[in-house]
Each structure stands twice: as structure tokens, then as C-alpha cells.
>>> print(open('run-v9.txt').read())   # compact mmCIF, C-alpha atoms
# COMPACT_ATOMS: atom_id res chain seq x y z
CA MET A 1067 20.74 -12.16 13.44
CA GLU A 1068 21.88 -13.72 10.19
CA LEU A 1069 18.27 -13.95 9.02
CA LEU A 1070 17.76 -10.21 9.54
CA ARG A 1071 20.98 -9.40 7.80
CA LYS A 1072 19.93 -11.53 4.87
CA TYR A 1073 16.58 -9.76 4.70
CA LEU A 1074 18.07 -6.26 4.82
CA SER A 1075 20.76 -7.13 2.30
CA ARG A 1076 18.02 -7.59 -0.27
CA PHE A 1077 17.68 -3.81 -0.21
CA ILE A 1078 21.14 -2.34 0.37
CA GLU A 1079 24.62 -3.81 0.84
CA PHE A 1080 25.66 -4.04 4.46
CA GLY A 1081 29.12 -3.84 5.95
CA GLU A 1082 29.76 -5.73 9.20
CA ASP A 1083 30.14 -2.48 11.19
CA GLU A 1084 26.99 -1.02 9.79
CA PHE A 1085 25.00 -4.05 10.76
CA VAL A 1086 26.41 -3.95 14.28
CA GLY A 1087 25.34 -0.29 14.30
CA ILE A 1088 21.75 -1.33 13.77
CA SER A 1089 21.81 -3.97 16.52
CA GLN A 1090 21.94 -1.34 19.27
CA PHE A 1091 18.44 -0.21 18.25
CA LEU A 1092 16.87 -3.66 18.49
CA GLU A 1093 15.32 -5.79 21.21
CA VAL A 1094 14.49 -9.49 21.11
CA ARG A 1095 11.00 -10.49 22.30
CA HIS A 1096 9.38 -13.90 22.79
CA PHE A 1097 5.69 -14.72 22.54
CA ASN A 1098 3.66 -17.85 23.10
CA ALA A 1099 1.05 -18.99 20.60
CA LYS A 1100 -2.07 -16.78 20.92
CA ASP A 1101 -0.21 -13.99 22.73
CA GLN A 1102 -1.16 -10.57 21.41
CA LEU A 1103 1.75 -8.34 20.42
CA THR A 1104 -0.61 -5.42 19.80
CA LYS A 1105 -4.18 -5.00 20.97
CA ILE A 1106 -7.02 -2.99 19.46
CA GLY A 1107 -7.00 0.57 20.78
CA GLU A 1108 -3.36 0.43 21.78
CA VAL A 1109 -0.69 2.47 20.01
CA ASP A 1110 1.65 0.02 18.31
CA GLN A 1111 5.17 0.74 19.55
CA TYR A 1112 7.11 -1.82 17.55
CA LEU A 1113 8.01 -2.87 14.08
CA ASN A 1114 8.83 -6.58 14.34
CA PHE A 1115 11.07 -8.83 12.31
CA ILE A 1116 10.20 -12.49 12.85
CA PHE A 1117 13.09 -14.82 13.69
CA LYS A 1118 10.91 -17.80 14.38
CA GLY A 1119 7.19 -18.45 14.24
CA VAL A 1120 4.05 -17.27 12.48
CA ILE A 1121 2.13 -14.13 13.36
CA ARG A 1122 -1.12 -12.76 11.99
CA ARG A 1123 -2.76 -9.35 11.82
CA TYR A 1124 -6.55 -9.17 11.98
CA PHE A 1125 -9.47 -7.00 12.99
CA ILE A 1126 -12.90 -7.67 14.35
CA SER A 1127 -16.05 -6.97 12.35
CA GLY A 1128 -19.14 -7.74 14.42
CA LYS A 1129 -18.16 -11.07 15.94
CA GLU A 1130 -16.01 -12.13 13.05
CA GLU A 1131 -12.24 -12.06 12.92
CA ILE A 1132 -11.00 -10.85 9.54
CA VAL A 1133 -7.39 -11.69 8.82
CA SER A 1134 -5.50 -9.13 6.78
CA HIS A 1135 -1.98 -10.54 6.92
CA PHE A 1136 0.11 -13.60 7.77
CA THR A 1137 3.84 -13.34 8.37
CA LYS A 1138 6.44 -15.97 9.10
CA GLU A 1139 10.14 -15.92 9.95
CA GLY A 1140 12.18 -13.72 7.66
CA ASP A 1141 9.57 -10.96 7.29
CA LEU A 1142 8.27 -7.86 9.05
CA ILE A 1143 4.98 -7.11 10.76
CA CYS A 1144 3.35 -4.21 12.60
CA SER A 1145 0.01 -2.42 12.75
CA PRO A 1146 0.98 0.07 10.03
CA VAL A 1147 -1.29 3.07 10.56
CA SER A 1148 -0.91 2.84 14.32
CA PHE A 1149 2.86 2.42 14.26
CA PHE A 1150 3.62 5.11 11.70
CA SER A 1151 1.11 7.74 12.76
CA GLN A 1152 1.14 6.77 16.46
CA SER A 1153 -2.62 6.38 16.56
CA LYS A 1154 -4.75 3.67 18.16
CA SER A 1155 -4.52 0.34 16.40
CA PHE A 1156 -7.59 -1.11 14.72
CA TYR A 1157 -5.74 -4.37 14.24
CA ILE A 1158 -4.76 -7.09 16.62
CA ILE A 1159 -1.35 -8.66 16.08
CA GLU A 1160 -1.26 -12.16 17.46
CA ALA A 1161 1.16 -15.08 17.42
CA ILE A 1162 -0.13 -18.27 15.79
CA GLU A 1163 2.91 -20.31 16.83
CA ASP A 1164 5.37 -19.64 19.63
CA SER A 1165 7.39 -16.84 18.10
CA THR A 1166 10.60 -14.91 18.55
CA VAL A 1167 10.83 -11.44 17.07
CA VAL A 1168 13.43 -8.74 17.00
CA SER A 1169 11.73 -5.37 17.40
CA ILE A 1170 12.54 -1.74 16.86
CA SER A 1171 10.57 0.99 18.60
CA ARG A 1172 9.22 3.97 16.70
CA ASP A 1173 11.74 6.26 18.44
CA ASN A 1174 14.67 4.01 17.64
CA LEU A 1175 13.57 3.68 14.04
CA GLU A 1176 13.56 7.47 13.74
CA LYS A 1177 17.00 7.61 15.36
CA MET A 1178 18.25 5.01 12.92
CA PHE A 1179 16.93 6.94 9.93
CA SER A 1180 18.40 10.20 11.19
CA SER A 1181 21.79 8.60 11.73
CA SER A 1182 22.44 7.91 8.05
CA ASN A 1183 20.93 8.53 4.64
CA ARG A 1184 21.74 4.91 3.85
CA PHE A 1185 19.18 3.86 6.44
CA GLU A 1186 16.72 6.30 4.92
CA ARG A 1187 17.25 4.50 1.64
CA LEU A 1188 16.81 1.14 3.32
CA GLY A 1189 13.55 2.38 4.85
CA ARG A 1190 12.36 3.69 1.51
CA LEU A 1191 13.10 0.43 -0.29
CA VAL A 1192 11.45 -1.69 2.41
CA ILE A 1193 8.28 0.41 2.35
CA ILE A 1194 8.17 0.34 -1.46
CA GLU A 1195 8.33 -3.45 -1.23
CA TRP A 1196 5.38 -3.39 1.20
CA LEU A 1197 3.41 -1.11 -1.09
CA VAL A 1198 4.10 -3.27 -4.12
CA GLN A 1199 3.12 -6.47 -2.31
CA GLN A 1200 -0.03 -4.80 -1.05
CA CYS A 1201 -0.96 -3.73 -4.60
CA GLU A 1202 -0.20 -7.19 -5.99
CA TRP A 1203 -2.48 -8.73 -3.43
CA GLU A 1204 -5.18 -6.08 -3.99
CA ASN A 1205 -5.12 -6.91 -7.67
CA ALA A 1206 -5.18 -10.64 -7.12
CA ARG A 1207 -8.14 -10.25 -4.79
CA VAL A 1208 -10.07 -8.22 -7.35
CA ARG A 1209 -9.24 -10.30 -10.40
CA LEU A 1210 -9.06 -13.89 -9.21
CA SER A 1211 -11.85 -16.28 -8.38
CA PRO A 1212 -11.85 -17.84 -4.89
CA LYS A 1213 -10.18 -20.97 -6.22
CA GLU A 1214 -7.54 -18.95 -8.08
CA ARG A 1215 -6.90 -16.86 -4.96
CA PHE A 1216 -6.35 -20.03 -3.02
CA LEU A 1217 -3.89 -21.39 -5.58
CA TYR A 1218 -2.13 -18.02 -5.77
CA PHE A 1219 -1.55 -18.13 -2.03
CA VAL A 1220 -0.39 -21.76 -2.13
CA LYS A 1221 2.14 -20.83 -4.77
CA LYS A 1222 3.41 -17.70 -3.02
CA GLN A 1223 3.39 -19.06 0.53
CA PRO A 1224 3.56 -22.86 0.35
CA GLN A 1225 4.86 -23.11 3.93
CA LEU A 1226 2.24 -20.90 5.48
CA VAL A 1227 -0.62 -22.91 4.02
CA LYS A 1228 0.26 -25.71 6.41
CA ARG A 1229 1.09 -23.57 9.40
CA VAL A 1230 -1.98 -21.39 9.72
CA PRO A 1231 -5.40 -22.68 10.82
CA GLN A 1232 -7.64 -23.23 7.82
CA LYS A 1233 -10.40 -21.08 9.23
CA GLN A 1234 -8.00 -18.12 9.34
CA LEU A 1235 -6.71 -18.81 5.87
CA ALA A 1236 -10.27 -18.87 4.53
CA SER A 1237 -10.87 -15.50 6.20
CA PHE A 1238 -7.71 -14.02 4.71
CA LEU A 1239 -8.65 -15.23 1.23
CA SER A 1240 -12.30 -14.11 1.62
CA ILE A 1241 -13.47 -17.64 0.89
CA LYS A 1242 -16.54 -19.04 2.63
CA PRO A 1243 -15.65 -21.95 4.94
CA GLU A 1244 -17.88 -24.38 3.02
CA THR A 1245 -16.23 -23.42 -0.27
CA PHE A 1246 -12.82 -23.58 1.32
CA SER A 1247 -13.28 -27.17 2.44
CA ARG A 1248 -13.64 -28.14 -1.23
CA TYR A 1249 -10.10 -26.85 -1.86
CA LYS A 1250 -8.48 -28.72 1.00
CA HIS A 1251 -7.27 -31.51 -1.23
CA PHE A 1252 -5.03 -28.97 -2.96
CA ILE A 1253 -3.16 -28.56 0.32
CA THR A 1254 -2.20 -32.24 0.52
CA ALA A 1255 -1.54 -32.17 -3.21
CA THR A 1256 1.17 -29.54 -2.71
CA ASP A 1257 3.37 -32.23 -1.12
CA ASN A 1258 3.91 -33.97 -4.42
CA LEU A 1259 2.73 -31.46 -6.96
CA GLU A 1260 4.19 -28.30 -8.39
CA ILE A 1261 1.27 -25.90 -8.65
CA GLN A 1262 1.39 -23.56 -11.60
CA MET B 258 -2.73 32.46 -19.00
CA SER B 259 0.66 32.06 -20.66
CA LEU B 260 2.18 28.62 -20.74
CA GLN B 261 5.06 29.80 -18.63
CA LYS B 262 2.80 31.17 -15.91
CA GLU B 263 0.88 27.94 -15.91
CA HIS B 264 4.08 25.96 -15.43
CA ILE B 265 5.06 28.12 -12.50
CA ILE B 266 1.74 27.33 -10.85
CA TYR B 267 2.22 23.61 -11.48
CA PHE B 268 5.64 23.59 -9.90
CA GLU B 269 4.31 25.56 -6.93
CA ARG B 270 1.84 22.73 -6.46
CA LEU B 271 4.67 20.23 -6.62
CA LYS B 272 6.57 22.16 -4.00
CA ALA B 273 3.50 22.19 -1.76
CA PHE B 274 3.21 18.42 -2.28
CA PHE B 275 6.80 17.90 -1.10
CA ASN B 276 6.37 20.27 1.81
CA ASN B 277 3.52 18.12 3.10
CA TYR B 278 6.19 15.58 3.91
CA MET B 279 9.26 17.57 4.81
CA ASN B 280 10.48 21.09 4.88
CA MET B 281 12.17 21.78 1.57
CA PRO B 282 13.87 25.15 1.07
CA GLY B 283 13.52 26.78 -2.35
CA ALA B 284 17.08 26.08 -3.45
CA GLU B 285 16.74 22.41 -2.61
CA PHE B 286 13.53 22.22 -4.60
CA ASP B 287 14.90 24.14 -7.60
CA VAL B 288 17.62 21.58 -8.35
CA LEU B 289 14.95 18.89 -8.68
CA VAL B 290 12.84 20.79 -11.23
CA PRO B 291 14.92 19.88 -14.33
CA PHE B 292 14.30 16.17 -13.68
CA PHE B 293 10.56 16.57 -14.19
CA GLU B 294 8.64 16.42 -17.45
CA VAL B 295 5.40 18.34 -17.88
CA ARG B 296 2.98 16.02 -19.66
CA SER B 297 -0.49 17.04 -20.86
CA PHE B 298 -3.31 14.65 -21.72
CA ASP B 299 -6.85 14.87 -23.06
CA LYS B 300 -9.67 13.35 -21.10
CA LYS B 301 -10.02 9.57 -21.35
CA ALA B 302 -6.37 9.19 -22.36
CA GLN B 303 -4.74 5.95 -21.24
CA ILE B 304 -1.48 6.90 -19.58
CA VAL B 305 -0.58 3.35 -18.65
CA LYS B 306 -1.99 0.45 -20.61
CA MET B 307 -2.44 -3.08 -19.40
CA GLY B 308 0.68 -5.13 -20.17
CA GLU B 309 2.93 -2.09 -20.61
CA VAL B 310 5.80 -1.30 -18.24
CA ASP B 311 4.97 1.96 -16.46
CA ASN B 312 7.96 4.24 -16.77
CA TYR B 313 6.63 7.30 -14.92
CA PHE B 314 5.91 8.40 -11.41
CA ASN B 315 3.35 11.21 -11.78
CA ILE B 316 2.16 14.02 -9.58
CA ILE B 317 -1.05 15.55 -10.85
CA ALA B 318 -0.72 19.31 -11.41
CA LYS B 319 -4.16 19.62 -12.94
CA GLY B 320 -7.01 17.27 -13.69
CA LEU B 321 -8.57 14.06 -12.50
CA VAL B 322 -7.28 10.55 -13.06
CA ARG B 323 -8.35 7.04 -12.20
CA LYS B 324 -6.55 3.74 -11.92
CA TYR B 325 -8.45 0.55 -12.54
CA THR B 326 -8.09 -3.09 -13.36
CA LEU B 327 -10.26 -5.61 -15.15
CA ALA B 328 -12.03 -8.47 -13.42
CA GLY B 329 -13.22 -10.37 -16.46
CA LYS B 330 -14.81 -7.56 -18.46
CA LYS B 331 -15.70 -5.51 -15.43
CA GLU B 332 -13.66 -2.40 -14.66
CA VAL B 333 -12.77 -2.12 -10.98
CA THR B 334 -11.61 1.33 -9.89
CA LEU B 335 -8.66 1.19 -7.50
CA GLN B 336 -7.71 4.86 -7.16
CA LEU B 337 -9.16 8.29 -7.95
CA ALA B 338 -6.67 11.12 -7.82
CA THR B 339 -6.74 14.83 -8.38
CA GLU B 340 -4.42 17.87 -8.11
CA GLY B 341 -1.59 17.43 -5.65
CA HIS B 342 -1.69 13.63 -5.54
CA ALA B 343 0.59 10.97 -6.96
CA ILE B 344 -0.51 8.24 -9.34
CA HIS B 345 1.31 5.40 -11.09
CA SER B 346 1.19 1.64 -11.43
CA GLU B 347 3.02 0.82 -8.20
CA VAL B 348 3.89 -2.76 -9.12
CA SER B 349 4.88 -2.11 -12.72
CA PHE B 350 6.91 1.02 -12.02
CA ASN B 351 8.85 -0.38 -9.09
CA ARG B 352 9.34 -3.94 -10.27
CA ARG B 353 9.75 -3.02 -13.96
CA VAL B 354 7.16 -5.58 -15.02
CA PRO B 355 4.08 -5.32 -17.31
CA SER B 356 1.25 -3.45 -15.63
CA ASP B 357 -1.90 -5.22 -14.55
CA VAL B 358 -3.68 -1.90 -14.01
CA ILE B 359 -4.72 0.90 -16.35
CA VAL B 360 -4.16 4.58 -15.55
CA GLU B 361 -6.60 6.81 -17.44
CA THR B 362 -7.55 10.49 -17.28
CA ILE B 363 -11.16 11.44 -16.54
CA GLU B 364 -10.63 15.18 -17.19
CA PRO B 365 -7.93 16.80 -19.36
CA SER B 366 -4.89 16.59 -17.10
CA VAL B 367 -1.35 17.80 -16.62
CA PHE B 368 1.24 15.63 -14.88
CA LEU B 369 4.64 16.46 -13.49
CA SER B 370 6.41 13.21 -14.17
CA LEU B 371 9.67 11.51 -13.31
CA THR B 372 10.95 8.61 -15.34
CA TYR B 373 12.17 5.63 -13.37
CA ASP B 374 15.78 6.53 -14.23
CA ASN B 375 15.38 10.17 -13.31
CA LEU B 376 13.86 9.24 -9.98
CA GLN B 377 16.84 6.97 -9.22
CA ALA B 378 19.19 9.76 -10.33
CA ILE B 379 17.53 12.14 -7.88
CA TYR B 380 17.91 9.68 -5.01
CA ASN B 381 21.55 9.12 -5.89
CA SER B 382 22.42 12.79 -6.28
CA PHE B 383 20.39 14.30 -3.44
CA PRO B 384 20.46 12.03 -0.36
CA ARG B 385 17.83 14.05 1.52
CA THR B 386 15.26 12.97 -1.05
CA GLU B 387 15.57 9.43 0.35
CA ARG B 388 13.57 10.62 3.33
CA LEU B 389 11.03 12.35 1.11
CA GLY B 390 10.60 9.18 -0.94
CA ARG B 391 10.18 7.10 2.18
CA LEU B 392 7.55 9.42 3.64
CA VAL B 393 5.57 9.70 0.38
CA THR B 394 5.56 5.91 0.03
CA ILE B 395 4.52 5.30 3.64
CA ASP B 396 1.63 7.69 3.11
CA MET B 397 0.50 5.78 0.02
CA TYR B 398 0.79 2.50 1.87
CA LEU B 399 -1.18 3.70 4.90
CA LYS B 400 -3.95 5.15 2.73
CA LYS B 401 -4.37 1.79 1.08
CA ASP B 402 -4.39 0.01 4.39
CA LEU B 403 -7.12 2.34 5.68
CA ARG B 404 -9.13 1.85 2.52
CA ASP B 405 -8.88 -1.94 2.81
CA TYR B 406 -9.95 -1.75 6.40
CA SER B 407 -12.98 0.42 5.66
CA HIS B 408 -13.99 -1.88 2.81
CA PHE B 409 -14.24 -4.81 5.15
CA ARG B 410 -15.34 -3.05 8.25
CA GLN B 411 -17.96 -0.57 7.00
CA ASN B 412 -21.15 -1.22 5.11
CA SER B 413 -21.99 0.53 1.82
CA ARG B 414 -23.84 3.33 3.55
CA GLU B 415 -21.01 4.07 5.97
CA ARG B 416 -18.43 4.01 3.19
CA PHE B 417 -20.56 6.36 1.12
CA LEU B 418 -21.18 8.86 3.93
CA ASN B 419 -17.59 8.74 5.05
CA TYR B 420 -16.32 9.40 1.54
CA ILE B 421 -18.64 12.29 0.68
CA GLN B 422 -17.85 13.93 3.99
CA ASN B 423 -14.15 13.92 3.25
CA HIS B 424 -14.21 14.30 -0.55
CA GLN B 425 -17.11 16.59 -1.36
CA GLU B 426 -15.41 17.92 -4.46
CA MET B 427 -14.85 14.44 -5.88
CA VAL B 428 -18.56 13.68 -5.77
CA GLN B 429 -19.10 16.62 -8.13
CA ARG B 430 -16.27 15.74 -10.47
CA VAL B 431 -16.14 11.97 -10.70
CA PRO B 432 -18.71 10.06 -12.78
CA GLN B 433 -20.97 8.12 -10.48
CA LYS B 434 -20.11 4.68 -11.87
CA TYR B 435 -16.42 5.14 -11.08
CA LEU B 436 -17.13 6.34 -7.57
CA ALA B 437 -19.49 3.43 -6.96
CA SER B 438 -16.86 0.99 -8.19
CA TYR B 439 -14.15 2.63 -6.07
CA LEU B 440 -16.32 2.38 -2.96
CA HIS B 441 -17.47 -1.18 -3.75
CA ILE B 442 -21.08 -0.07 -3.87
CA LYS B 443 -23.56 -1.34 -6.46
CA PRO B 444 -24.57 1.49 -8.85
CA GLU B 445 -28.24 1.27 -7.87
CA THR B 446 -27.37 1.41 -4.16
CA PHE B 447 -25.09 4.35 -4.87
CA SER B 448 -27.82 6.46 -6.48
CA ARG B 449 -30.23 5.57 -3.70
CA LEU B 450 -27.70 6.78 -1.12
CA LYS B 451 -27.09 9.94 -3.10
CA HIS B 452 -30.81 10.77 -3.16
CA LEU B 453 -31.07 10.07 0.52
CA VAL B 454 -28.39 12.64 1.27
CA LYS B 455 -29.95 15.20 -1.08
CA ASN B 456 -33.36 14.89 0.54
CA LYS B 457 -31.89 15.27 3.98
CA LYS B 458 -30.24 18.51 2.99
CA SER B 459 -33.35 20.17 1.58
>>> encode(input="run-v9.txt", output="C-alpha cells")
Amino acid sequence: MELLRKYLSRFIEFGEDEFVGISQFLEVRHFNAKDQLTKIGEVDQYLNFIFKGVIRRYFISGKEEIVSHFTKEGDLICSPVSFFSQSKSFYIIEAIEDSTVVSISRDNLEKMFSSSNRFERLGRLVIIEWLVQQCEWENARVRLSPKERFLYFVKKQPQLVKRVPQKQLASFLSIKPETFSRYKHFITATDNLEIQ
Amino acid sequence: MSLQKEHIIYFERLKAFFNNYMNMPGAEFDVLVPFFEVRSFDKKAQIVKMGEVDNYFNIIAKGLVRKYTLAGKKEVTLQLATEGHAIHSEVSFNRRVPSDVIVETIEPSVFLSLTYDNLQAIYNSFPRTERLGRLVTIDMYLKKDLRDYSHFRQNSRERFLNYIQNHQEMVQRVPQKYLASYLHIKPETFSRLKHLVKNKKS
């Protein structure tokens, strides 16, 4: 739970009691690699904080899987529109590695918010962080060339580069597989090179 | 119309904006009013420039505004917003860093604006606004997620038809090149689609 506490403490200061207060709303769930946490057409019931593992969010276009998000331990993932507006998910959420998550249901999240304005603030700050990250990535996608996008990701998520299949990473970065293979040497280069 | 009457209308719009998210009695709304600035701009005014730290969260009381960035020399429209919607440079405002987007009016516009400090003061003084802030932000986040999804999932034609169905008024008000850019449709494809729809109607 220390990892979760560390994450939440980025947004507001937490007393020991307060953190214990949150724990009653949470459940721990385990998934094997390739297990789906949320399927297309299902209403996503959980917001998940990853303790261990890597999880991706993607959708299907024709026969192609298009990855919209990778998350590893220490961060949150859900199917946002589905979870927050309780509609059918157009994303699939799927474990890449064997993963352990701590999850809060939509109902419990509402209960938590209603129990204290401090949790409302926490919720506000977390969602602002999501929005900001989403806008940063939107901007990077628009402004950067494929190679720059690749290097941007390597710099921001050096660990993930090695933990997600390259085909999925190429999809996330909207880089054609044949172009992507030309960048592969950058991945090995990250072992001994600080990328600017 | 007198300036005062106009202002009353603007703040009614603001109240309606808040009430989309949560029920806010008049007295609760009234205490927030003094924190807002009424700001008026001509058309084509740059509200936020590239490289500048955005200090305002704006709700549009009147007018039409776009947010865009530059990919090389090409302008890429990221948001089109009209009365009753919020606009700002999300990254710059929240992280207090130089903006990598430009916010610019298309029509003469009036904003009801909160400085970063005033917004924090509101959250600190009126705890119920934490919920309002959370709900407004979630809404912005989900809209972006839906837009991303439709960009990848739908073809130009579907994006075009979907947009004009839901935003008829915008098609009248927004210059075609901005709409085309916003929808990721080439200008020539955009005008072809527009003609197609016109011919169908007649």
C-alpha cells in the first residue's frame, strides 16, 4: 500500500488515519498476462491503481488494435468514459504482464468523495493531472515527427519501452512497423546513453 | 443594451454552466462572482501566446474561440469553443509553464475569467467548489478522450457527418479551414463533403 500512499501524497498530504480510511473502499485484484480487466461493450466498474505489472488500454479499428495508453506500477488506469459515465466501454483494458491492482468501484469512489471535501480535492487534482498529461501527449503527437515521438516516449517512460511489445508501442506512437524497426537501436542505446 | 444588463446575462450563463455539473443555489453562486474578471476581446485577438504562461481559466460568455498549436508552420486546431464552454491552455495554466498552444478569438468575445490565484482562493474558501472543479475537469478529459477515439476510429466522412449533426451552429460560424483542421480532414475533402450534404438536402 506504500506505493499508493506515495502516489496520492503527490496531490494532498495524508495522515495515517486518513489513509486507513481509504483502504476500506479498495479491493486487490490479480490478473495474468493477457487477461482482460475490461471488455468492449462492458461497463467499466473499476478505477485501478497498479501495484505490479504493465497494463494497456486499446480499441479495435477494423482488424487492427490501436493502443491508446500504457500504464505500469505506480499509476492509474480505467476506461474513462465508461467508468465515469457508466456507459459501455469502447476500450479493452488488458494486462501485458502478470499484474496486481488495487481497485475502487464507481460506487465506492462516490462514497469516498462524499465522505470528505479533502477527497474531492484529491479527485480534482488527480483528474487535472490526467487532463494535463493527455494534452501534453496530444501536443507531442501533433508537433513531433515519428522519430521525435519515439524519443519523447523513451525519455518519459524509459522502463516501459522495454516492457511492452514493440508492435504495441509502434501502434501507440502511430509509427508504421517498418519505420519503427529503424528506431530499435535507440532502445538498446538507452542502456548506456542519456537521451536528450 | 446597457453594460450592466449585459453583465447580468453573462453571469446568468456562468451560473447555468455551473448548474450543468451540480446544483448551486443563488447565494452560493453570488459569493463566487467577485472572483471573476469580465474580459472583452476583438476578433483574432491572441489571448494566450506561444511561450507565455497562461494565467486565466476562461468561460466564454459571448463569442467564438479556438485553440491551436503549430506543427512546423502549419496551424493545427485543437479546440473550438463557444458560449457556455471553458477554454484555456490546460498544461500551461495548471503546471505554470510556458504554453505550447495559442488561444485566439475568431469572433469578438467576452470571457468570464479566473486567475490561477483566484481559482485556488475559491477552492480554499469554498470547499464545495472542489466537487465542481472535479466534475468540470472530468468532463473536459472525457470529451478529449472521445475526440481522440473518433479520430482514430472514424473516417473523414463519418467524423464530418457526426460533427455537423451535433454542432450545426458551429458549421455556420467557424471558418471552414479551422473546422477541417479540427476534424483532421483535408480542406478539399471537407468542401466536397459539405457539397454532398447540401445536395442531399435540396
>>> interface_residues(input="run-v9.txt", of="chain B", to="chain A", cutoff="7 Å", atoms="only C-alpha atoms", output="PyMOL selection string")
chain B and resi 327-328+347-348+384+387-388+390-391+394-395+398-399+410
>>> atom_distance(input="run-v9.txt", atom1="atom CA of Tyr1112 of chain A", atom2="atom CA of Asn280 of chain B")
26.4 Å
>>> residues_around(input="run-v9.txt", residues="Tyr439 of chain B", least_positions_apart="6", cutoff="7 Å", atoms="all atoms listed in the file", output="ChimeraX atom specification")
/B:333-336
>>> residues_around(input="run-v9.txt", residues="Glu415 of chain B", least_positions_apart="4", cutoff="12 Å", atoms="only C-alpha atoms", output="PDB file with C-alpha atoms, keeping the file's coordinate frame")
ATOM      1  CA  SER B 407     -12.980   0.420   5.660  1.00  0.00           C
ATOM      2  CA  HIS B 408     -13.990  -1.880   2.810  1.00  0.00           C
ATOM      3  CA  PHE B 409     -14.240  -4.810   5.150  1.00  0.00           C
ATOM      4  CA  ARG B 410     -15.340  -3.050   8.250  1.00  0.00           C
ATOM      5  CA  GLN B 411     -17.960  -0.570   7.000  1.00  0.00           C
ATOM      6  CA  ASN B 419     -17.590   8.740   5.050  1.00  0.00           C
ATOM      7  CA  TYR B 420     -16.320   9.400   1.540  1.00  0.00           C
ATOM      8  CA  ILE B 421     -18.640  12.290   0.680  1.00  0.00           C
ATOM      9  CA  GLN B 422     -17.850  13.930   3.990  1.00  0.00           C
ATOM     10  CA  LEU B 440     -16.320   2.380  -2.960  1.00  0.00           C
ATOM     11  CA  HIS B 441     -17.470  -1.180  -3.750  1.00  0.00           C
ATOM     12  CA  ILE B 442     -21.080  -0.070  -3.870  1.00  0.00           C
ATOM     13  CA  PHE B 447     -25.090   4.350  -4.870  1.00  0.00           C
ATOM     14  CA  LEU B 450     -27.700   6.780  -1.120  1.00  0.00           C
TER      15      LEU B 450
END
>>> residues_around(input="run-v9.txt", residues="Glu285 of chain B", least_positions_apart="5", cutoff="10 Å", atoms="all atoms listed in the file", output="PyMOL selection string")
chain B and resi 280+290+383+385-386
>>> residues_around(input="run-v9.txt", residues="His264 of chain B", least_positions_apart="3", cutoff="12 Å", atoms="all atoms listed in the file", output="ChimeraX atom specification")
/B:258-261,267-271,290,293-297,318-319,367-369
>>> build_atoms(input="run-v9.txt", residues="segment 328-347 of chain B", atoms="N, CA and C atoms", output="CSV table (one decimal), in the coordinates of the input")
chain,number,residue,atom,x,y,z
B,328,ALA,N,-11.7,-7.2,-14.0
B,328,ALA,CA,-12.0,-8.5,-13.4
B,328,ALA,C,-13.0,-9.1,-14.4
B,329,GLY,N,-12.5,-9.9,-15.3
B,329,GLY,CA,-13.2,-10.4,-16.5
B,329,GLY,C,-13.4,-9.2,-17.4
B,330,LYS,N,-14.6,-8.8,-17.6
B,330,LYS,CA,-14.8,-7.6,-18.5
B,330,LYS,C,-15.1,-6.3,-17.6
B,331,LYS,N,-15.3,-6.6,-16.3
B,331,LYS,CA,-15.7,-5.5,-15.4
B,331,LYS,C,-14.5,-4.6,-15.0
B,332,GLU,N,-14.7,-3.3,-15.1
B,332,GLU,CA,-13.7,-2.4,-14.7
B,332,GLU,C,-13.8,-2.2,-13.2
B,333,VAL,N,-12.7,-2.4,-12.4
B,333,VAL,CA,-12.8,-2.1,-11.0
B,333,VAL,C,-11.8,-1.0,-10.7
B,334,THR,N,-12.4,0.1,-10.2
B,334,THR,CA,-11.6,1.3,-9.9
B,334,THR,C,-10.8,1.2,-8.6
B,335,LEU,N,-9.5,1.4,-8.7
B,335,LEU,CA,-8.7,1.2,-7.5
B,335,LEU,C,-8.2,2.5,-6.9
B,336,GLN,N,-8.2,3.6,-7.7
B,336,GLN,CA,-7.7,4.9,-7.2
B,336,GLN,C,-8.3,6.0,-8.0
B,337,LEU,N,-8.7,7.1,-7.3
B,337,LEU,CA,-9.2,8.3,-8.0
B,337,LEU,C,-8.3,9.4,-7.4
B,338,ALA,N,-7.6,10.1,-8.3
B,338,ALA,CA,-6.7,11.1,-7.8
B,338,ALA,C,-6.8,12.4,-8.5
B,339,THR,N,-6.6,13.5,-7.8
B,339,THR,CA,-6.7,14.8,-8.4
B,339,THR,C,-5.5,15.7,-8.0
B,340,GLU,N,-5.6,17.0,-8.3
B,340,GLU,CA,-4.4,17.9,-8.1
B,340,GLU,C,-3.7,17.6,-6.8
B,341,GLY,N,-2.4,17.6,-6.9
B,341,GLY,CA,-1.6,17.4,-5.6
B,341,GLY,C,-1.4,16.0,-5.1
B,342,HIS,N,-1.9,15.0,-5.9
B,342,HIS,CA,-1.7,13.6,-5.5
B,342,HIS,C,-0.9,12.9,-6.6
B,343,ALA,N,-0.3,11.8,-6.1
B,343,ALA,CA,0.6,11.0,-7.0
B,343,ALA,C,-0.2,9.8,-7.5
B,344,ILE,N,0.1,9.4,-8.8
B,344,ILE,CA,-0.5,8.2,-9.3
B,344,ILE,C,0.5,7.5,-10.3
B,345,HIS,N,0.5,6.2,-10.2
B,345,HIS,CA,1.3,5.4,-11.1
B,345,HIS,C,0.9,4.0,-10.9
B,346,SER,N,1.4,3.1,-11.7
B,346,SER,CA,1.2,1.6,-11.4
B,346,SER,C,2.3,1.2,-10.5
B,347,GLU,N,2.0,1.1,-9.2
B,347,GLU,CA,3.0,0.8,-8.2
B,347,GLU,C,3.9,-0.4,-8.5
